[in-house]
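Data block for upload_33.cif (mmCIF, C-alpha atoms):
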data_input
#
loop_
_atom_site.label_atom_id
_atom_site.label_comp_id
_atom_site.auth_asym_id
_atom_site.auth_seq_id
_atom_site.Cartn_x
_atom_site.Cartn_y
_atom_site.Cartn_z
CA LEU A 883 26.54 15.64 7.81
CA LYS A 884 29.98 16.88 8.67
CA PRO A 885 32.49 16.54 5.85
CA THR A 886 35.14 13.92 6.56
CA THR A 887 37.87 15.97 4.91
CA PRO A 888 38.36 19.74 4.54
CA LEU A 889 36.26 21.17 1.72
CA PRO A 890 37.75 22.94 -1.31
CA SER A 891 37.61 26.73 -1.50
CA SER A 892 34.46 28.46 -2.68
CA GLN A 893 36.23 29.39 -5.94
CA VAL A 894 36.98 25.73 -6.67
CA ILE A 895 33.40 24.73 -5.83
CA ALA A 896 32.00 27.55 -7.98
CA ALA A 897 34.17 26.50 -10.92
CA ARG A 898 32.93 22.92 -10.61
CA ILE A 899 29.28 24.06 -10.56
CA GLN A 900 29.89 26.41 -13.50
CA LYS A 901 31.40 23.54 -15.50
CA TYR A 902 28.45 21.26 -14.70
CA VAL A 903 25.91 23.91 -15.69
CA ALA A 904 27.78 24.69 -18.91
CA GLU A 905 27.80 21.03 -19.90
CA ALA A 906 24.10 20.67 -19.08
CA LEU A 907 23.26 23.71 -21.19
CA GLY A 908 25.75 22.90 -23.96
CA VAL A 909 27.57 26.24 -23.72
CA PRO A 910 31.17 27.23 -22.81
CA PRO A 911 31.68 27.73 -19.03
CA GLU A 912 32.57 31.40 -19.47
CA LEU A 913 29.03 32.03 -20.73
CA VAL A 914 27.54 30.83 -17.44
CA ASP A 915 27.19 33.87 -15.19
CA PRO A 916 28.07 32.78 -11.61
CA ASP A 917 26.21 35.78 -10.19
CA ARG A 918 22.92 35.06 -11.95
CA ASP A 919 20.06 33.20 -10.25
CA VAL A 920 20.51 29.48 -10.87
CA GLY A 921 16.77 29.30 -11.56
CA ALA A 922 17.19 31.72 -14.45
CA LEU A 923 20.01 29.78 -16.13
CA GLY A 924 17.61 27.40 -17.87
CA LEU A 925 18.44 24.18 -16.02
CA THR A 926 15.79 21.48 -15.78
CA SER A 927 14.81 19.84 -12.49
CA VAL A 928 16.62 16.70 -13.64
CA SER A 929 19.82 18.69 -14.29
CA LEU A 930 19.64 20.23 -10.83
CA VAL A 931 19.13 16.80 -9.26
CA GLY A 932 22.26 15.68 -11.11
CA LEU A 933 24.21 18.73 -9.92
CA LEU A 934 23.28 18.15 -6.29
CA GLY A 935 24.17 14.46 -6.61
CA GLU A 936 27.55 15.28 -8.14
CA LEU A 937 28.37 17.82 -5.43
CA GLU A 938 27.27 15.46 -2.66
CA GLU A 939 29.44 12.67 -4.02
CA TRP A 940 32.44 14.90 -4.66
CA LEU A 941 32.36 16.67 -1.29
CA ASP A 942 30.93 13.77 0.74
CA ILE A 943 28.25 15.93 2.34
CA GLU A 944 24.47 16.16 2.04
CA ILE A 945 23.08 19.24 0.34
CA SER A 946 19.39 20.08 0.52
CA PRO A 947 17.89 21.82 -2.53
CA ALA A 948 16.75 24.45 -0.01
CA VAL A 949 20.36 25.69 -0.04
CA LEU A 950 19.85 26.79 -3.65
CA TYR A 951 16.72 28.67 -2.60
CA ASP A 952 18.52 30.50 0.19
CA HIS A 953 21.73 31.04 -1.80
CA PRO A 954 20.46 31.25 -5.38
CA THR A 955 23.59 32.01 -7.46
CA ILE A 956 26.59 29.80 -8.20
CA ASN A 957 28.95 32.10 -6.27
CA LYS A 958 26.60 32.39 -3.29
CA VAL A 959 25.92 28.67 -3.01
CA ALA A 960 29.61 27.82 -3.44
CA PHE A 961 30.52 30.29 -0.71
CA HIS A 962 27.85 28.88 1.57
CA ILE A 963 28.94 25.27 1.04
CA ALA A 964 32.60 26.11 1.60
CA GLU A 965 31.73 28.17 4.66
CA ALA A 966 29.25 25.84 6.29
CA GLY A 967 30.71 22.53 5.22
CA THR A 968 27.46 20.92 6.24
CA GLU A 969 23.81 21.31 5.36
CA ARG A 970 20.46 20.52 6.83
CA MET B 472 -13.59 -2.63 -8.37
CA THR B 473 -11.67 -2.39 -11.63
CA GLU B 474 -9.87 0.37 -13.44
CA GLN B 475 -12.59 0.18 -16.08
CA ALA B 476 -15.33 0.74 -13.53
CA ASN B 477 -13.58 3.62 -11.84
CA HIS B 478 -11.82 5.64 -14.52
CA TRP B 479 -11.99 8.94 -12.62
CA GLY B 480 -12.00 10.12 -9.05
CA GLY B 481 -8.96 7.96 -8.29
CA SER B 482 -7.71 4.91 -10.15
CA VAL B 483 -7.57 1.76 -8.03
CA ASP B 484 -4.64 0.41 -10.05
CA GLY B 485 -2.81 3.73 -9.90
CA ILE B 486 -3.24 4.01 -6.13
CA ARG B 487 -2.23 0.42 -5.43
CA HIS B 488 0.84 0.71 -7.67
CA HIS B 489 2.25 3.33 -5.32
CA TYR B 490 0.76 2.72 -1.88
CA ASP B 491 0.56 -1.07 -1.76
CA ILE B 492 4.28 -1.67 -2.05
CA GLY B 493 4.18 -2.76 1.59
CA ASN B 494 3.50 -0.93 4.84
CA ALA B 495 6.81 -2.09 6.32
CA PHE B 496 8.71 -0.19 3.63
CA TYR B 497 6.96 3.09 4.43
CA GLU B 498 7.40 2.50 8.17
CA LEU B 499 11.17 2.68 7.61
CA TRP B 500 11.28 6.28 6.45
CA LEU B 501 8.03 8.09 7.27
CA ASP B 502 7.27 9.42 10.75
CA PRO B 503 5.73 6.98 13.29
CA THR B 504 2.16 7.97 12.31
CA LEU B 505 2.92 7.12 8.65
CA THR B 506 1.81 10.52 7.46
CA TYR B 507 2.79 10.50 3.79
CA SER B 508 2.27 14.16 2.92
CA CYS B 509 3.93 17.51 3.51
CA ALA B 510 4.44 18.48 7.16
CA LEU B 511 3.88 22.01 8.48
CA TRP B 512 6.51 24.31 9.98
CA ASP B 513 6.04 27.91 11.05
CA GLY B 514 8.88 29.20 8.88
CA PRO B 515 12.49 28.07 8.33
CA ASP B 516 13.50 28.77 11.95
CA ASP B 517 10.80 26.48 13.37
CA ALA B 518 12.82 23.70 15.02
CA ARG B 519 10.02 21.10 15.09
CA THR B 520 11.14 17.59 14.17
CA LEU B 521 9.41 15.81 11.27
CA ASP B 522 7.20 13.95 13.77
CA GLU B 523 6.20 17.18 15.50
CA ALA B 524 5.65 19.03 12.21
CA GLN B 525 3.35 16.24 10.99
CA VAL B 526 1.23 16.52 14.14
CA HIS B 527 1.24 20.32 13.70
CA LYS B 528 -0.11 19.79 10.16
CA LEU B 529 -2.84 17.41 11.37
CA ALA B 530 -3.92 19.93 14.02
CA TYR B 531 -4.01 22.69 11.39
CA HIS B 532 -6.33 20.74 9.08
CA ALA B 533 -8.53 19.60 11.96
CA ARG B 534 -9.00 23.26 12.93
CA CYS B 535 -9.66 24.35 9.31
CA ALA B 536 -12.26 21.59 8.90
CA GLY B 537 -14.11 22.63 12.04
CA ALA B 538 -13.36 19.48 14.04
CA ARG B 539 -14.75 19.56 17.58
CA PRO B 540 -15.87 17.11 20.27
CA GLY B 541 -18.71 14.95 19.01
CA ALA B 542 -18.33 16.00 15.35
CA ARG B 543 -18.84 13.56 12.52
CA MET B 544 -15.81 13.91 10.26
CA LEU B 545 -14.90 12.51 6.84
CA GLU B 546 -11.42 12.13 5.41
CA VAL B 547 -11.18 11.58 1.66
CA GLY B 548 -7.93 9.67 1.14
CA CYS B 549 -7.08 8.67 4.69
CA GLY B 550 -3.72 7.00 4.05
CA TRP B 551 -2.59 5.06 7.10
CA GLY B 552 -5.09 6.89 9.29
CA SER B 553 -2.94 9.51 11.03
CA MET B 554 -5.65 12.19 10.75
CA LEU B 555 -8.42 9.82 11.85
CA ASN B 556 -6.37 8.85 14.88
CA HIS B 557 -5.46 12.47 15.61
CA LEU B 558 -9.15 13.46 15.63
CA ARG B 559 -10.09 10.49 17.80
CA LYS B 560 -7.40 10.71 20.42
CA ASN B 561 -7.67 14.50 20.81
CA ASP B 562 -11.46 14.37 21.17
CA LEU B 563 -11.89 16.38 17.98
CA ALA B 564 -14.60 14.08 16.62
CA GLY B 565 -17.19 11.62 17.79
CA GLU B 566 -17.18 9.61 14.58
CA CYS B 567 -14.57 9.55 11.80
CA VAL B 568 -14.95 7.93 8.40
CA GLY B 569 -11.88 7.48 6.19
CA LEU B 570 -11.90 6.58 2.52
CA THR B 571 -8.97 4.94 0.74
CA LEU B 572 -8.48 2.90 -2.40
CA SER B 573 -5.40 1.19 -1.00
CA ARG B 574 -6.01 -2.30 0.34
CA GLU B 575 -2.88 -2.17 2.52
CA GLN B 576 -3.86 1.16 4.07
CA ALA B 577 -7.44 0.06 4.77
CA SER B 578 -6.24 -3.15 6.35
CA TYR B 579 -3.68 -1.25 8.46
CA VAL B 580 -6.29 1.20 9.80
CA ARG B 581 -8.82 -1.58 10.50
CA GLY B 582 -6.14 -3.46 12.39
CA LYS B 583 -5.73 -0.54 14.79
CA ARG B 584 -9.34 -0.94 15.99
CA TRP B 585 -9.53 2.73 16.88
CA PRO B 586 -12.87 3.42 18.61
CA GLY B 587 -15.17 5.67 16.56
CA VAL B 588 -13.08 5.22 13.38
CA GLU B 589 -14.45 3.54 10.28
CA VAL B 590 -12.33 2.99 7.18
CA ARG B 591 -13.90 2.21 3.83
CA GLU B 592 -12.06 0.88 0.81
CA GLU B 593 -13.99 2.99 -1.66
CA SER B 594 -13.72 6.06 -3.84
CA TRP B 595 -15.45 9.31 -2.95
CA THR B 596 -17.32 8.81 -6.23
CA ASP B 597 -19.04 5.78 -4.72
CA HIS B 598 -19.38 7.09 -1.18
CA GLN B 599 -22.91 7.36 0.17
CA PRO B 600 -22.83 8.52 3.78
CA GLY B 601 -25.56 7.38 6.11
CA ALA B 602 -25.67 10.82 7.71
CA PRO B 603 -24.21 14.28 6.92
CA TYR B 604 -20.71 15.20 8.06
CA ASP B 605 -19.75 18.20 10.16
CA GLY B 606 -16.41 18.60 8.46
CA ILE B 607 -14.24 17.09 5.71
CA VAL B 608 -10.48 16.80 5.34
CA SER B 609 -8.64 15.70 2.21
CA ILE B 610 -4.86 15.63 2.27
CA CYS B 611 -2.97 14.87 -0.91
CA ALA B 612 -5.74 12.86 -2.55
CA LEU B 613 -6.82 15.36 -5.20
CA GLU B 614 -3.63 14.51 -7.08
CA HIS B 615 -5.16 11.14 -7.90
CA PHE B 616 -8.64 12.29 -8.98
CA ALA B 617 -7.72 12.92 -12.62
CA SER B 618 -5.11 11.35 -14.88
CA HIS B 619 -2.76 13.06 -17.31
CA ARG B 620 -4.96 11.81 -20.14
CA HIS B 621 -7.85 14.05 -19.06
CA THR B 622 -8.28 17.40 -20.78
CA THR B 623 -8.31 20.54 -18.65
CA ALA B 624 -12.10 20.76 -19.02
CA GLU B 625 -12.50 17.13 -17.94
CA LYS B 626 -10.19 17.67 -14.99
CA ILE B 627 -12.15 20.70 -13.80
CA GLY B 628 -15.36 18.69 -14.28
CA ILE B 629 -14.00 15.98 -11.96
CA TYR B 630 -13.02 18.55 -9.33
CA ARG B 631 -16.47 20.17 -9.65
CA GLU B 632 -18.05 16.79 -8.98
CA PHE B 633 -15.86 16.44 -5.89
CA PHE B 634 -16.80 19.85 -4.50
CA GLN B 635 -20.47 19.34 -5.27
CA ARG B 636 -20.49 16.04 -3.38
CA CYS B 637 -18.57 17.48 -0.44
CA ALA B 638 -21.07 20.34 -0.29
CA SER B 639 -23.97 17.87 -0.33
CA TRP B 640 -22.45 16.01 2.65
CA LEU B 641 -21.91 19.18 4.74
CA PRO B 642 -24.34 21.53 6.46
CA PRO B 643 -24.50 25.19 5.38
CA ARG B 644 -21.21 26.87 6.43
CA GLY B 645 -19.65 23.42 6.90
CA LYS B 646 -15.87 23.33 6.38
CA LEU B 647 -13.55 21.41 4.06
CA SER B 648 -9.78 21.47 4.52
CA LEU B 649 -7.80 20.47 1.46
CA GLN B 650 -4.08 19.93 0.98
CA THR B 651 -2.69 19.23 -2.45
CA ILE B 652 0.39 19.49 -4.62
CA SER B 653 -0.32 21.74 -7.59
CA TYR B 654 1.53 22.91 -10.65
CA LEU B 655 3.00 26.37 -10.37
CA ASP B 656 5.49 27.56 -12.99
CA PHE B 657 5.21 24.43 -15.09
CA ASP B 658 3.98 23.12 -18.43
CA PRO B 659 2.25 19.77 -17.72
CA THR B 660 2.93 18.57 -21.26
CA ARG B 661 6.60 18.52 -20.24
CA ALA B 662 6.00 16.47 -17.12
CA SER B 663 8.51 13.74 -16.38
CA THR B 664 7.46 10.34 -17.74
CA PHE B 665 9.36 8.85 -14.80
CA MET B 666 6.92 10.51 -12.39
CA GLN B 667 3.83 9.85 -14.53
CA ASN B 668 4.51 6.23 -15.40
CA ASP B 669 6.80 4.77 -12.75
CA ILE B 670 5.87 6.66 -9.60
CA PHE B 671 2.30 7.99 -9.78
CA PRO B 672 0.49 6.37 -12.73
CA GLU B 673 -3.07 7.50 -13.41
CA SER B 674 -2.51 10.73 -11.50
CA GLU B 675 -2.33 14.39 -12.46
CA LEU B 676 -1.78 17.62 -10.57
CA SER B 677 -4.13 20.59 -10.54
CA PHE B 678 -3.50 24.29 -11.03
CA LEU B 679 -4.85 26.59 -8.32
CA HIS B 680 -7.14 28.35 -10.81
CA GLU B 681 -8.72 24.99 -11.70
CA ILE B 682 -9.54 24.39 -8.05
CA THR B 683 -11.05 27.82 -7.49
CA LEU B 684 -13.05 27.52 -10.71
CA ALA B 685 -14.31 24.09 -9.71
CA CYS B 686 -15.45 25.08 -6.21
CA LYS B 687 -17.09 28.41 -7.02
CA ASP B 688 -20.72 27.23 -6.99
CA TRP B 689 -20.55 25.68 -3.53
CA PHE B 690 -17.61 26.96 -1.49
CA GLU B 691 -15.82 30.15 -0.54
CA VAL B 692 -12.08 30.06 0.12
CA VAL B 693 -11.45 31.10 3.72
CA SER B 694 -7.68 30.77 3.74
CA LEU B 695 -4.95 29.67 1.39
CA ARG B 696 -1.30 28.85 2.02
CA ASN B 697 1.44 27.79 -0.35
CA ASP B 698 4.03 25.93 1.72
CA ARG B 699 6.28 24.56 -1.01
CA LEU B 700 9.43 25.00 1.05
CA ASP B 701 7.87 22.85 3.76
CA TYR B 702 7.75 20.11 1.15
CA VAL B 703 11.45 20.54 0.33
CA ARG B 704 12.13 20.05 4.05
CA THR B 705 9.76 17.08 4.35
CA CYS B 706 11.20 15.35 1.26
CA GLU B 707 14.77 15.80 2.40
CA LEU B 708 13.97 14.37 5.84
CA TRP B 709 12.24 11.37 4.23
CA ARG B 710 15.20 10.91 1.89
CA GLY B 711 17.67 11.06 4.76
CA ASN B 712 15.64 8.46 6.66
CA LEU B 713 15.48 6.16 3.64
CA LYS B 714 19.20 6.48 2.99
CA ARG B 715 19.96 5.60 6.62
CA LYS B 716 17.61 2.57 6.43
CA ARG B 717 18.77 1.56 2.98
CA LYS B 718 19.80 -2.00 3.87
CA GLU B 719 16.50 -2.84 5.58
CA ALA B 720 14.59 -1.20 2.71
CA GLU B 721 16.48 -3.20 0.08
CA ALA B 722 15.68 -6.40 1.95
CA LEU B 723 11.98 -5.52 1.74
CA VAL B 724 11.56 -4.16 -1.78
CA GLY B 725 14.90 -4.57 -3.58
CA ALA B 726 17.61 -2.08 -4.49
CA ALA B 727 15.93 -0.89 -7.70
CA VAL B 728 12.79 0.24 -5.87
CA VAL B 729 14.82 2.00 -3.16
CA ASP B 730 16.79 3.87 -5.84
CA ARG B 731 13.55 4.78 -7.59
CA TYR B 732 12.12 6.25 -4.39
CA LEU B 733 15.32 8.16 -3.57
CA ASP B 734 15.28 9.61 -7.10
CA TYR B 735 11.59 10.52 -7.03
CA ILE B 736 11.81 12.15 -3.61
CA ARG B 737 14.84 14.23 -4.66
CA LEU B 738 13.21 15.19 -7.98
CA SER B 739 10.09 16.29 -6.08
CA SER B 740 12.17 18.25 -3.61
CA VAL B 741 14.01 20.09 -6.40
CA GLY B 742 10.71 20.76 -8.19
CA PHE B 743 9.28 22.41 -5.07
CA MET B 744 12.47 24.41 -4.56
CA MET B 745 12.38 25.66 -8.18
CA GLY B 746 8.68 26.54 -7.94
CA LYS B 747 7.65 24.03 -10.60
CA GLY B 748 5.15 22.73 -8.09
CA CYS B 749 3.65 24.12 -4.92
CA LEU B 750 1.92 22.78 -1.82
CA LEU B 751 -1.51 24.26 -1.26
CA ARG B 752 -3.46 24.15 1.97
CA ILE B 753 -6.93 25.54 1.35
CA GLU B 754 -9.68 26.08 3.89
CA PHE B 755 -13.16 26.13 2.32
CA ARG B 756 -16.54 27.04 3.80
CA ARG B 757 -19.78 25.88 2.22
CA PHE B 758 -22.10 28.70 1.25
CA GLY B 759 -24.81 29.25 3.85
#
Just give me the structure as structure tokens.
Amino acid sequence: LKPTTPLPSSQVIAARIQKYVAEALGVPPELVDPDRDVGALGLTSVSLVGLLGELEEWLDIEISPAVLYDHPTINKVAFHIAEAGTER
Amino acid sequence: MTEQANHWGGSVDGIRHHYDIGNAFYELWLDPTLTYSCALWDGPDDARTLDEAQVHKLAYHARCAGARPGARMLEVGCGWGSMLNHLRKNDLAGECVGLTLSREQASYVRGKRWPGVEVREESWTDHQPGAPYDGIVSICALEHFASHRHTTAEKIGIYREFFQRCASWLPPRGKLSLQTISYLDFDPTRASTFMQNDIFPESELSFLHEITLACKDWFEVVSLRNDRLDYVRTCELWRGNLKRKRKEAEALVGAAVVDRYLDYIRLSSVGFMMGKGCLLRIEFRRFG
């Protein structure tokens, strides 16, 4: 789905994801490496479902989990979302 | 048939809990053939629609099971009959028998009055064919054969029973095509109670090694695919359909059930993406 409004920058999106992951893991955001594979960060499936839901609601777009497979780090996925603005 | 009488091989109560919620509900978000299992794409650039990818999957399993004009084919867990109808209308079988434990599914298939198609509301554990089959297909039924209360040894014993019976119904070198969701990088003791209790009660997934161990006395594995990313794509298309049809769905089953399905489909999709679960398509050939 096309976003109805312009999306934030990839840096802003990455910071939001980093904050979510930090809260889910109970660690300070600066300890979450945005260039590490999301799968290696220790998130549960339920946490990832929550993250996708939060991003979809915030950005008003649909994001398939496949995006995290193709763009597996916080920085890469944030860049992709900001760039594409829409997902399959 | 009661849960007591059929405690393995597929629980009647467990199956009906999920599949007998109402055909009209599933018609809203599945493809027109009501194929409720992972579709097949030839890679991420394959532009097939969900409908086309489901037919592609049916054709794949028909080929792996050795379907051909005049063949007598069995499907263990026939759902709403998409494979039976595919075999019939493409002249890939002379006779097709489908087994299901779902009353709604059996009634739906019977209502179609497809020539050459027989549906039986019975478990494979009770099935006694009048004549041998030339090929067998089973798509996403194995998940229901054991429950999470079974030990690993018991689970493998149930799968062994399944393979032994399939072998006894096939001629030497006869083919079985199986599709199933399996655990991959996952500890089943940490499985979600939401999935085990609310979505698929009385069900449990296999590991690939359990399947290969269970079949080894009767079947060789001819081919094996893990198409977990196809399931991410299938789930997301189903979820999109259900979200678009939300109002009609709520009128049929209520908002709480719709939310539960949206959550379970998304959780499944994420699990496949993370590699917690995989989607196996296995082609077996009976020893000669």
Name the residues captured by the PyMOL selection byres ((chain B) within 8 of (chain A)) when it is applied to the shown file; answer as a JSON list (two decimals) with C-alpha atoms, in the coordinates of the input.
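That gives us expr-v5.json:
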[["chain", "number", "residue", "atom", "x", "y", "z"],
["B", 700, "LEU", "CA", 9.43, 25.00, 1.05],
["B", 703, "VAL", "CA", 11.45, 20.54, 0.33],
["B", 704, "ARG", "CA", 12.13, 20.05, 4.05],
["B", 707, "GLU", "CA", 14.77, 15.80, 2.40],
["B", 737, "ARG", "CA", 14.84, 14.23, -4.66],
["B", 738, "LEU", "CA", 13.21, 15.19, -7.98],
["B", 740, "SER", "CA", 12.17, 18.25, -3.61],
["B", 741, "VAL", "CA", 14.01, 20.09, -6.40],
["B", 742, "GLY", "CA", 10.71, 20.76, -8.19],
["B", 744, "MET", "CA", 12.47, 24.41, -4.56],
["B", 745, "MET", "CA", 12.38, 25.66, -8.18]]
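Computed from the coordinates, the atom CA of B:Ile753 to atom CA of B:Trp689 distance equals 14.5 Å.
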Just give me the residues with any atom within 8 Å of (30.4, 25.7, -3.7), file coordinates, counting all atoms listed in the file, written as a list in words. Ser891, Ser892, Gln893, Val894, Ile895, Ala896, Arg898, Ile899, Ile956, Asn957, Lys958, Val959, Ala960, Phe961, His962, Ile963 and Ala964 of chain A
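Running the PyMOL selection byres ((chain B and resi 575-580) around 6) on this file leaves Asp491, Gly550, Trp551, Gly552, Ser573, Arg574, Arg581, Gly582 and Lys583 of chain B selected.
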Output of the above residues as a compact mmCIF listing (two decimals), in the frame of the given file, restricted to C-alpha atoms:
# COMPACT_ATOMS: atom_id res chain seq x y z
CA ASP B 491 0.56 -1.07 -1.76
CA GLY B 550 -3.72 7.00 4.05
CA TRP B 551 -2.59 5.06 7.10
CA GLY B 552 -5.09 6.89 9.29
CA SER B 573 -5.40 1.19 -1.00
CA ARG B 574 -6.01 -2.30 0.34
CA ARG B 581 -8.82 -1.58 10.50
CA GLY B 582 -6.14 -3.46 12.39
CA LYS B 583 -5.73 -0.54 14.79
How many Å separate atom CA of B:Arg717 from atom CA of B:Leu499? 9.0 Å
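Here the question is which of A:Ala966, A:Ala904, A:Val909, A:Leu889 gets nearest to A:Leu933 using only C-alpha atoms, and that residue is A:Ala904.
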Can you tell me, as a list in words, which residues sit within 8 Å of (-5.9, 19.1, 1.9) in the file's frame, using only C-alpha atoms? His532, Val608, Ser609, Ile610, Cys611, Ala612, Ser648, Leu649, Gln650, Thr651, Leu751, Arg752 and Ile753 of chain B
With the input short on atoms, add N, CA, C and O atoms back to stretch 931-943 of chain A and write it as a CSV table (one decimal), in the coordinates of the input.
chain,number,residue,atom,x,y,z
A,931,VAL,N,19.0,18.0,-10.1
A,931,VAL,CA,19.1,16.8,-9.3
A,931,VAL,C,20.5,16.2,-9.5
A,931,VAL,O,21.2,15.9,-8.6
A,932,GLY,N,20.9,16.2,-10.8
A,932,GLY,CA,22.3,15.7,-11.1
A,932,GLY,C,23.4,16.5,-10.5
A,932,GLY,O,24.4,16.0,-10.0
A,933,LEU,N,23.2,17.8,-10.5
A,933,LEU,CA,24.2,18.7,-9.9
A,933,LEU,C,24.4,18.5,-8.4
A,933,LEU,O,25.5,18.3,-7.9
A,934,LEU,N,23.2,18.4,-7.7
A,934,LEU,CA,23.3,18.2,-6.3
A,934,LEU,C,23.9,16.8,-6.0
A,934,LEU,O,24.8,16.7,-5.1
A,935,GLY,N,23.6,15.8,-6.8
A,935,GLY,CA,24.2,14.5,-6.6
A,935,GLY,C,25.7,14.5,-6.8
A,935,GLY,O,26.4,13.9,-6.1
A,936,GLU,N,26.1,15.2,-7.9
A,936,GLU,CA,27.6,15.3,-8.1
A,936,GLU,C,28.3,16.0,-7.0
A,936,GLU,O,29.4,15.5,-6.6
A,937,LEU,N,27.7,17.1,-6.5
A,937,LEU,CA,28.4,17.8,-5.4
A,937,LEU,C,28.4,17.0,-4.2
A,937,LEU,O,29.4,17.0,-3.4
A,938,GLU,N,27.3,16.3,-3.9
A,938,GLU,CA,27.3,15.5,-2.7
A,938,GLU,C,28.3,14.4,-2.7
A,938,GLU,O,29.0,14.1,-1.7
A,939,GLU,N,28.5,13.8,-3.9
A,939,GLU,CA,29.4,12.7,-4.0
A,939,GLU,C,30.9,13.2,-3.9
A,939,GLU,O,31.7,12.6,-3.2
A,940,TRP,N,31.1,14.3,-4.6
A,940,TRP,CA,32.4,14.9,-4.7
A,940,TRP,C,32.9,15.4,-3.3
A,940,TRP,O,34.0,15.1,-2.8
A,941,LEU,N,32.0,16.0,-2.6
A,941,LEU,CA,32.4,16.7,-1.3
A,941,LEU,C,32.1,15.8,-0.1
A,941,LEU,O,32.4,16.1,1.0
A,942,ASP,N,31.3,14.7,-0.3
A,942,ASP,CA,30.9,13.8,0.7
A,942,ASP,C,30.1,14.5,1.8
A,942,ASP,O,30.4,14.3,3.0
A,943,ILE,N,29.2,15.3,1.4
A,943,ILE,CA,28.2,15.9,2.3
A,943,ILE,C,26.8,15.8,1.8
A,943,ILE,O,26.7,15.5,0.6
